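File shown: work.cif. Contents: mmCIF, C-alpha atoms.
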data_protein
#
loop_
_atom_site.group_PDB
_atom_site.id
_atom_site.type_symbol
_atom_site.label_atom_id
_atom_site.label_comp_id
_atom_site.auth_asym_id
_atom_site.auth_seq_id
_atom_site.Cartn_x
_atom_site.Cartn_y
_atom_site.Cartn_z
ATOM 1 C CA MET L 1 -9.077 -1.187 -4.094
ATOM 2 C CA TRP L 2 -10.285 -4.216 -5.976
ATOM 3 C CA THR L 3 -13.591 -2.721 -7.198
ATOM 4 C CA HIS L 4 -12.246 0.232 -9.206
ATOM 5 C CA LYS L 5 -14.806 1.123 -11.885
ATOM 6 C CA ALA L 6 -12.177 1.650 -14.580
ATOM 7 C CA TRP L 7 -11.173 -2.041 -14.339
ATOM 8 C CA GLN L 8 -14.645 -3.537 -14.574
ATOM 9 C CA GLY L 9 -15.338 -5.301 -17.830
ATOM 10 C CA ARG L 10 -11.813 -4.564 -19.037
ATOM 11 C CA LEU L 11 -9.407 -6.118 -16.508
ATOM 12 C CA LEU L 12 -11.964 -7.723 -14.216
ATOM 13 C CA ALA L 13 -15.143 -9.512 -15.194
ATOM 14 C CA HIS L 14 -18.305 -7.448 -14.778
ATOM 15 C CA PRO L 15 -20.691 -7.765 -13.146
ATOM 16 C CA LEU L 16 -19.224 -9.721 -10.229
ATOM 17 C CA PRO L 17 -20.835 -10.502 -6.873
ATOM 18 C CA ALA L 18 -19.073 -8.931 -3.896
ATOM 19 C CA GLU L 19 -17.723 -12.299 -2.781
ATOM 20 C CA GLU L 20 -15.841 -12.728 -6.089
ATOM 21 C CA ARG L 21 -14.274 -9.291 -6.672
ATOM 22 C CA LEU L 22 -11.127 -9.717 -4.601
ATOM 23 C CA ARG L 23 -10.522 -13.178 -6.092
ATOM 24 C CA HIS L 24 -10.480 -11.680 -9.585
ATOM 25 C CA TYR L 25 -8.160 -8.849 -8.485
ATOM 26 C CA ALA L 26 -5.846 -11.467 -6.947
ATOM 27 C CA GLY L 27 -5.412 -12.895 -10.433
ATOM 28 C CA TRP L 28 -3.559 -9.702 -11.342
ATOM 29 C CA CYS L 29 -1.577 -8.890 -8.212
ATOM 30 C CA ASP L 30 -0.572 -10.748 -5.057
ATOM 31 C CA ALA L 31 -0.948 -7.800 -2.665
ATOM 32 C CA VAL L 32 -3.469 -5.038 -2.037
ATOM 33 C CA GLU L 33 -3.765 -1.921 0.099
ATOM 34 C CA GLY L 34 -6.743 -2.166 2.430
ATOM 35 C CA ASN L 35 -7.730 1.475 2.225
ATOM 36 C CA THR L 36 -11.412 0.788 2.906
ATOM 37 C CA THR L 37 -10.730 -0.074 6.552
ATOM 38 C CA PHE L 38 -9.679 3.536 7.140
ATOM 39 C CA TYR L 39 -13.275 4.691 6.776
ATOM 40 C CA ALA L 40 -15.008 1.930 8.727
ATOM 41 C CA THR L 41 -14.014 -1.257 10.486
ATOM 42 C CA PRO L 42 -15.485 -4.134 8.445
ATOM 43 C CA THR L 43 -17.450 -7.009 9.906
ATOM 44 C CA ARG L 44 -15.717 -10.320 10.563
ATOM 45 C CA ASP L 45 -17.961 -11.912 7.950
ATOM 46 C CA THR L 46 -16.755 -9.445 5.330
ATOM 47 C CA VAL L 47 -13.130 -10.080 6.232
ATOM 48 C CA ALA L 48 -13.708 -13.832 6.232
ATOM 49 C CA SER L 49 -14.947 -13.426 2.654
ATOM 50 C CA TRP L 50 -11.662 -11.716 1.750
ATOM 51 C CA ALA L 51 -9.769 -14.657 3.221
ATOM 52 C CA ARG L 52 -11.851 -17.190 1.274
ATOM 53 C CA GLN L 53 -11.073 -15.391 -1.983
ATOM 54 C CA THR L 54 -7.288 -15.416 -1.568
ATOM 55 C CA ASP L 55 -4.420 -17.792 -0.871
ATOM 56 C CA GLU L 56 -2.620 -17.556 2.454
ATOM 57 C CA SER L 57 0.386 -16.066 0.630
ATOM 58 C CA PHE L 58 -1.685 -13.106 -0.606
ATOM 59 C CA ARG L 59 -0.693 -9.876 1.161
ATOM 60 C CA ILE L 60 -3.295 -7.479 2.498
ATOM 61 C CA VAL L 61 -2.091 -4.280 4.182
ATOM 62 C CA PRO L 62 -5.172 -2.969 6.015
ATOM 63 C CA LYS L 63 -5.121 0.673 7.051
ATOM 64 C CA LEU L 64 -5.955 1.479 10.661
ATOM 65 C CA PRO L 65 -9.299 3.268 11.113
ATOM 66 C CA LYS L 66 -9.212 7.067 11.001
ATOM 67 C CA VAL L 67 -10.696 7.217 14.492
ATOM 68 C CA VAL L 68 -7.412 5.701 15.708
ATOM 69 C CA THR L 69 -4.899 7.653 13.622
ATOM 70 C CA HIS L 70 -6.559 10.956 12.778
ATOM 71 C CA GLU L 71 -9.302 11.602 15.313
ATOM 72 C CA ARG L 72 -7.724 10.227 18.500
ATOM 73 C CA ARG L 73 -4.137 10.380 17.210
ATOM 74 C CA LEU L 74 -3.157 7.017 18.733
ATOM 75 C CA THR L 75 -4.351 8.016 22.219
ATOM 76 C CA ASP L 76 -7.188 6.325 24.147
ATOM 77 C CA VAL L 77 -7.759 3.865 21.300
ATOM 78 C CA THR L 78 -8.126 0.583 23.193
ATOM 79 C CA ASP L 79 -11.745 -0.006 22.172
ATOM 80 C CA PRO L 80 -11.501 0.851 18.451
ATOM 81 C CA MET L 81 -8.237 -1.096 18.139
ATOM 82 C CA ARG L 82 -9.738 -4.136 19.877
ATOM 83 C CA ALA L 83 -12.679 -4.006 17.457
ATOM 84 C CA PHE L 84 -10.372 -3.608 14.457
ATOM 85 C CA LEU L 85 -8.040 -6.449 15.430
ATOM 86 C CA ASP L 86 -10.991 -8.729 16.104
ATOM 87 C CA ALA L 87 -12.485 -7.886 12.705
ATOM 88 C CA ILE L 88 -9.331 -8.660 10.706
ATOM 89 C CA GLU L 89 -8.499 -11.876 12.573
ATOM 90 C CA PRO L 90 -9.939 -14.091 9.789
ATOM 91 C CA LEU L 91 -7.195 -12.832 7.466
ATOM 92 C CA GLY L 92 -4.604 -14.846 9.346
ATOM 93 C CA PRO L 93 -1.224 -14.627 7.565
ATOM 94 C CA ARG L 94 -2.757 -12.518 4.784
ATOM 95 C CA ALA L 95 -2.571 -9.498 7.122
ATOM 96 C CA HIS L 96 0.947 -8.722 5.984
ATOM 97 C CA ALA L 97 1.241 -5.511 8.001
ATOM 98 C CA LEU L 98 -1.048 -2.976 9.638
ATOM 99 C CA TRP L 99 -0.803 0.326 7.788
ATOM 100 C CA VAL L 100 -0.539 3.227 10.217
ATOM 101 C CA GLN L 101 -1.033 6.273 8.010
ATOM 102 C CA LEU L 102 -0.640 9.386 10.166
ATOM 103 C CA PRO L 103 -1.940 12.882 9.382
ATOM 104 C CA GLN L 104 0.422 15.603 8.219
ATOM 105 C CA SER L 105 -0.016 17.342 11.585
ATOM 106 C CA PHE L 106 1.519 14.320 13.365
ATOM 107 C CA ALA L 107 4.914 15.894 14.112
ATOM 108 C CA PRO L 108 8.268 14.750 15.509
ATOM 109 C CA THR L 109 7.088 15.855 18.971
ATOM 110 C CA ASP L 110 4.395 13.161 18.687
ATOM 111 C CA VAL L 111 6.849 10.284 18.192
ATOM 112 C CA PRO L 112 6.702 9.234 21.877
ATOM 113 C CA THR L 113 2.954 8.733 21.439
ATOM 114 C CA LEU L 114 3.613 6.553 18.391
ATOM 115 C CA ALA L 115 6.253 4.578 20.297
ATOM 116 C CA ARG L 116 3.812 3.874 23.159
ATOM 117 C CA PHE L 117 1.153 2.797 20.677
ATOM 118 C CA LEU L 118 3.515 0.407 18.892
ATOM 119 C CA ARG L 119 4.680 -1.134 22.176
ATOM 120 C CA ARG L 120 1.069 -2.064 22.956
ATOM 121 C CA MET L 121 0.476 -3.814 19.640
ATOM 122 C CA PRO L 122 0.100 -7.611 19.885
ATOM 123 C CA SER L 123 3.195 -9.503 18.794
ATOM 124 C CA ASN L 124 1.396 -11.329 15.979
ATOM 125 C CA HIS L 125 0.964 -8.088 14.046
ATOM 126 C CA ARG L 126 3.682 -5.946 12.506
ATOM 127 C CA CYS L 127 3.115 -2.311 11.652
ATOM 128 C CA ALA L 128 4.100 -0.170 8.687
ATOM 129 C CA VAL L 129 3.995 3.551 9.436
ATOM 130 C CA GLU L 130 3.506 6.340 6.908
ATOM 131 C CA VAL L 131 4.240 9.890 8.052
ATOM 132 C CA ARG L 132 3.703 13.123 6.140
ATOM 133 C CA HIS L 133 4.998 15.917 8.363
ATOM 134 C CA PRO L 134 7.816 17.635 6.412
ATOM 135 C CA GLU L 135 10.265 17.683 9.334
ATOM 136 C CA PHE L 136 10.597 13.893 9.205
ATOM 137 C CA PHE L 137 12.161 14.349 5.769
ATOM 138 C CA THR L 138 14.125 17.572 6.239
ATOM 139 C CA ASP L 139 15.357 17.355 9.841
ATOM 140 C CA ALA L 140 17.968 14.660 10.438
ATOM 141 C CA ARG L 141 17.243 14.454 14.171
ATOM 142 C CA ALA L 142 13.525 14.046 13.563
ATOM 143 C CA ALA L 143 14.147 11.304 10.995
ATOM 144 C CA LEU L 144 16.528 9.490 13.325
ATOM 145 C CA GLY L 145 14.105 9.703 16.236
ATOM 146 C CA LEU L 146 11.299 8.208 14.178
ATOM 147 C CA ALA L 147 13.526 5.493 12.711
ATOM 148 C CA GLU L 148 14.711 4.477 16.191
ATOM 149 C CA ALA L 149 11.157 4.307 17.544
ATOM 150 C CA LEU L 150 10.082 2.167 14.598
ATOM 151 C CA ALA L 151 13.123 -0.099 14.793
ATOM 152 C CA GLN L 152 12.544 -0.788 18.485
ATOM 153 C CA ALA L 153 9.037 -1.996 17.630
ATOM 154 C CA GLY L 154 10.073 -3.935 14.518
ATOM 155 C CA ALA L 155 7.930 -1.573 12.447
ATOM 156 C CA GLU L 156 8.613 -0.332 8.918
ATOM 157 C CA TRP L 157 8.669 3.240 7.595
ATOM 158 C CA VAL L 158 6.550 3.350 4.418
ATOM 159 C CA PRO L 159 7.798 5.794 1.780
ATOM 160 C CA PHE L 160 5.135 7.333 -0.446
ATOM 161 C CA ASP L 161 7.132 8.414 -3.481
ATOM 162 C CA THR L 162 5.321 11.273 -5.234
ATOM 163 C CA THR L 163 8.425 12.851 -6.754
ATOM 164 C CA THR L 164 7.618 11.708 -10.305
ATOM 165 C CA PHE L 165 4.064 12.962 -10.000
ATOM 166 C CA PHE L 166 5.084 16.435 -8.799
ATOM 167 C CA ALA L 167 7.942 16.807 -11.290
ATOM 168 C CA SER L 168 5.722 18.816 -13.677
ATOM 169 C CA PRO L 169 2.235 20.398 -13.643
ATOM 170 C CA PRO L 170 -0.869 18.197 -14.032
ATOM 171 C CA THR L 171 -2.360 17.555 -17.457
ATOM 172 C CA SER L 172 -5.660 15.785 -16.698
ATOM 173 C CA ASP L 173 -8.593 16.088 -14.325
ATOM 174 C CA ALA L 174 -7.351 13.112 -12.302
ATOM 175 C CA GLU L 175 -3.877 14.634 -12.041
ATOM 176 C CA ARG L 176 -5.302 18.010 -11.018
ATOM 177 C CA ASP L 177 -7.326 16.329 -8.288
ATOM 178 C CA ALA L 178 -4.299 14.415 -7.011
ATOM 179 C CA TRP L 179 -2.194 17.591 -7.221
ATOM 180 C CA VAL L 180 -4.077 19.101 -4.273
ATOM 181 C CA LYS L 181 -4.567 15.887 -2.286
ATOM 182 C CA LYS L 182 -1.304 13.962 -2.391
ATOM 183 C CA PRO L 183 1.645 14.763 -0.083
ATOM 184 C CA ARG L 184 4.759 16.432 -1.474
ATOM 185 C CA THR L 185 7.374 14.603 0.541
ATOM 186 C CA PRO L 186 11.038 14.207 -0.379
ATOM 187 C CA LEU L 187 12.235 10.841 -1.614
ATOM 188 C CA ARG L 188 13.134 8.275 1.022
ATOM 189 C CA THR L 189 14.442 4.827 0.044
ATOM 190 C CA GLU L 190 15.796 3.196 3.220
ATOM 191 C CA ALA L 191 14.294 -0.007 4.632
ATOM 192 C CA LEU L 192 14.161 -0.667 8.381
ATOM 193 C CA THR L 193 13.037 -4.304 8.261
ATOM 194 C CA ASP L 194 13.242 -7.363 6.042
ATOM 195 C CA GLN L 195 9.749 -6.624 4.699
ATOM 196 C CA PRO L 196 9.767 -3.065 3.322
ATOM 197 C CA ILE L 197 6.647 -1.564 1.787
ATOM 198 C CA VAL L 198 6.751 1.105 -0.934
ATOM 199 C CA ARG L 199 3.941 3.255 -2.317
ATOM 200 C CA TYR L 200 4.738 4.887 -5.664
ATOM 201 C CA LEU L 201 2.603 7.449 -7.505
ATOM 202 C CA GLY L 202 3.293 7.966 -11.189
ATOM 203 C CA ARG L 203 1.431 9.933 -13.855
ATOM 204 C CA ASP L 204 -1.510 9.090 -16.099
ATOM 205 C CA ASP L 205 1.074 8.753 -18.899
ATOM 206 C CA PRO L 206 2.386 5.161 -18.542
ATOM 207 C CA ASP L 207 5.780 6.022 -20.044
ATOM 208 C CA ARG L 208 6.407 8.714 -17.451
ATOM 209 C CA THR L 209 5.269 6.350 -14.707
ATOM 210 C CA VAL L 210 7.712 3.687 -15.887
ATOM 211 C CA ASP L 211 10.578 6.159 -16.232
ATOM 212 C CA GLY L 212 9.985 7.351 -12.674
ATOM 213 C CA TRP L 213 10.034 3.933 -11.070
ATOM 214 C CA GLN L 214 13.412 2.825 -12.435
ATOM 215 C CA ARG L 215 15.114 3.708 -9.143
ATOM 216 C CA TRP L 216 12.626 1.426 -7.369
ATOM 217 C CA VAL L 217 13.419 -1.446 -9.722
ATOM 218 C CA ASP L 218 17.076 -1.108 -8.719
ATOM 219 C CA ILE L 219 16.239 -0.835 -5.021
ATOM 220 C CA THR L 220 13.799 -3.754 -5.110
ATOM 221 C CA VAL L 221 16.352 -5.970 -6.840
ATOM 222 C CA ASP L 222 18.934 -5.055 -4.199
ATOM 223 C CA TRP L 223 16.480 -5.781 -1.377
ATOM 224 C CA LEU L 224 15.635 -9.179 -2.825
ATOM 225 C CA ARG L 225 19.311 -10.041 -3.198
ATOM 226 C CA GLU L 226 19.771 -9.098 0.460
ATOM 227 C CA GLY L 227 17.076 -11.589 1.433
ATOM 228 C CA ARG L 228 14.330 -9.026 2.069
ATOM 229 C CA SER L 229 10.740 -9.503 0.901
ATOM 230 C CA PRO L 230 9.449 -6.133 -0.344
ATOM 231 C CA THR L 231 5.909 -5.174 -1.305
ATOM 232 C CA VAL L 232 5.558 -2.426 -3.923
ATOM 233 C CA PHE L 233 2.266 -0.695 -4.712
ATOM 234 C CA ILE L 234 1.967 1.159 -8.021
ATOM 235 C CA HIS L 235 -0.496 4.034 -8.328
ATOM 236 C CA THR L 236 -1.402 6.591 -10.964
ATOM 237 C CA PRO L 237 -3.821 9.496 -10.495
ATOM 238 C CA ASP L 238 -6.688 7.691 -12.242
ATOM 239 C CA ASN L 239 -5.406 4.145 -11.450
ATOM 240 C CA ALA L 240 -6.972 2.946 -14.714
ATOM 241 C CA GLN L 241 -3.853 0.963 -15.666
ATOM 242 C CA ALA L 242 -2.549 0.272 -12.160
ATOM 243 C CA PRO L 243 -2.802 -3.555 -12.276
ATOM 244 C CA THR L 244 -1.093 -3.792 -15.667
ATOM 245 C CA LEU L 245 1.588 -1.356 -14.536
ATOM 246 C CA ALA L 246 2.144 -3.336 -11.333
ATOM 247 C CA ARG L 247 2.699 -6.448 -13.421
ATOM 248 C CA ARG L 248 5.086 -4.525 -15.675
ATOM 249 C CA PHE L 249 7.080 -3.423 -12.621
ATOM 250 C CA HIS L 250 7.237 -7.031 -11.457
ATOM 251 C CA ASP L 251 8.368 -8.128 -14.925
ATOM 252 C CA GLU L 252 11.208 -5.594 -14.865
ATOM 253 C CA VAL L 253 12.386 -6.863 -11.493
ATOM 254 C CA ARG L 254 12.065 -10.486 -12.610
ATOM 255 C CA ALA L 255 14.099 -9.768 -15.745
ATOM 256 C CA ARG L 256 16.982 -8.996 -13.373
ATOM 257 C CA LEU L 257 16.138 -11.865 -10.989
ATOM 258 C CA PRO L 258 14.718 -14.762 -13.043
ATOM 259 C CA GLU L 259 14.374 -16.880 -9.898
ATOM 260 C CA LEU L 260 11.620 -14.550 -8.662
ATOM 261 C CA ALA L 261 8.250 -16.305 -8.829
ATOM 262 C CA PRO L 262 5.867 -15.024 -11.518
ATOM 263 C CA LEU L 263 2.629 -13.272 -10.664
ATOM 264 C CA PRO L 264 -0.611 -15.264 -11.042
ATOM 265 C CA ARG L 265 -2.408 -15.519 -14.372
ATOM 266 C CA PRO L 266 -5.421 -13.188 -14.542
ATOM 267 C CA ILE L 267 -8.868 -14.742 -14.671
ATOM 268 C CA PRO L 268 -10.255 -14.109 -18.201
ATOM 269 C CA VAL L 269 -12.727 -11.260 -18.424
ATOM 270 C CA GLU L 270 -14.733 -13.252 -20.967
ATOM 271 C CA PRO L 271 -15.318 -17.009 -20.741
ATOM 272 C CA THR L 272 -12.856 -18.977 -22.839
ATOM 273 C CA THR L 273 -14.305 -20.774 -25.869
ATOM 274 C CA LEU L 274 -13.042 -23.458 -28.212
ATOM 275 C CA PHE L 275 -13.985 -21.583 -31.400
#

For the file at hand, write its structure as C-alpha cells.
Amino acid sequence: MWTHKAWQGRLLAHPLPAEERLRHYAGWCDAVEGNTTFYATPTRDTVASWARQTDESFRIVPKLPKVVTHERRLTDVTDPMRAFLDAIEPLGPRAHALWVQLPQSFAPTDVPTLARFLRRMPSNHRCAVEVRHPEFFTDARAALGLAEALAQAGAEWVPFDTTTFFASPPTSDAERDAWVKKPRTPLRTEALTDQPIVRYLGRDDPDRTVDGWQRWVDITVDWLREGRSPTVFIHTPDNAQAPTLARRFHDEVRARLPELAPLPRPIPVEPTTLF
C-alpha cells in the first residue's frame, strides 16, 4: 500500500513514476503488506522493480492470490501457486513471509486442508496465516488444533487486532466503511515463531489509536528481549496518518530498547535548498 492517495504530496513526493513509489515509502517504514497480490499475481518485471527499490533487509509480506485462498480454498492450487512463487522470486530475502489470509468461512474442520497445503510449500518460504472464523478464538480445541498445524509447518498465526476499533461506534465515513468490512475477532497475542507478525487497526483519532496499541508496545518489547524479530503493521480506517503512526509506534518501542535500530529517514517531499 505504498501509493495511498492521502500520502501523495504530503508524506511522499508527487507525482512519482511507478518505479519510484515503493522506494519513497521505504523511507518511512521498513516493511509493507503486499495486499495487491491478492487481486492479481504481478509480473516478474513488476516484482523485480520492487526489489530494485528496496534494500535486502526490507520486509514485504505478499498476500496469496484470492484464487488460492478464497476461490479454491487451498485445494487444487498447484498452477496458481507455481505462477505466484515464480512471480515473487525476484524479491529474494525481501519476501519475509507469505500471507495466507483465509475467508471467515474457513472453519476448524478445514485445518487438515491447511496443514496439507503448508506441507507442500517450498522450504525457502515461510507462511503467516490469518484466520477469521470465530471458533478459532472462542473454542480452545479449535485454537489448539490450528496452532499445532501451524507449528508443525513453522508457520505463524497473524493476529488482526480490531478491538480498539470496535470499542465504540464509528464517527467518520472511513470508520463506518470499516465497521462493516473488518473482522470482529477477539484479541490474540501469542507468537508461534521467532518472527511474529501483528496487524493492528486503530481509529481515525490518533490519540485513540496510540492508547489502543500500548499492549502491543509491551508485547513487542518482550518479544525483542526474547530474541524474536516481530513485524507490526499499523492501520487506521482512512490510513491517512499510517506511516507517521507506524514510526511513532517504533519510537515508543525504541524508547524502551535504545539498542533497536532506528527507522530510515524519509525522502523529502520537496527538494532541499540552501536558502

- Item | Distance in Å - CA of Thr75 (chain L) versus CA of Lys182 (chain L) |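 Distance reported for this atom pair: 25.5 Å.
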
- Query: Which is closest to Leu91 (chain L) among L:Ala18, L:Ala140, L:Leu263, L:Ala51, if we use only C-alpha atoms?
  - Reply: L:Ala51

- Task: Could you tell me which of L:Glu71, L:Thr41, L:Val131, L:Asp30 comes closest to Arg94 (chain L) if we count all atoms listed in the file?
- Result: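 Going through L:Glu71, L:Thr41, L:Val131, L:Asp30 one by one, the smallest distance to Arg94 (chain L) is for L:Asp30.
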
- Message: One decimal, in Å: what's the spacing between CA of Leu114 (chain L) and CA of Trp179 (chain L)?
- Response: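 Between CA of Leu114 (chain L) and CA of Trp179 (chain L) the gap is 28.5 Å.
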
Write out as a Markdown table the residues of region 143-185 of chain L that have any atom within 7 Å of an atom of region 234-254 of chain L, one row each with the nearest atom pair and its distance in Å to one decimal, counting only C-alpha atoms, sorted by chain and then rising number.
| residue | atom | partner | partner_atom | distance |
| --- | --- | --- | --- | --- |
| L:Ala174 | CA | L:Pro237 | CA | 5.4 |
| L:Glu175 | CA | L:Pro237 | CA | 5.4 |
| L:Ala178 | CA | L:Pro237 | CA | 6.0 |

Selection export as a PDB file, keeping the file's coordinate frame, atoms kept: C-alpha atoms:
ATOM      1  CA  ALA L 174      -7.351  13.112 -12.302  1.00  0.00           C
ATOM      2  CA  GLU L 175      -3.877  14.634 -12.041  1.00  0.00           C
ATOM      3  CA  ALA L 178      -4.299  14.415  -7.011  1.00  0.00           C
TER       4      ALA L 178
END

- Message: Could you tell me, as a ChimeraX atom specification, exactly which residues end up selected when the PyMOL selection byres ((chain L and resi 201-213) around 6) is applied to this structure?
- Response: /L:162,164-165,200,214-216,235-236

- Message: Which residues would end up in the selection if the PyMOL selection byres ((chain L and resi 153) around 9) were applied here, given that I need the answer as a count of residues only?
- Response: 14

- For Ala13 (chain L), list every protein, DNA or RNA residue within 8 Å, evaluated using all atoms listed in the file, and leave out those in the same chain fewer than 2 positions away; present the list as a VMD selection string. chain L and resid 8 to 11 15 to 16 24 268 to 270
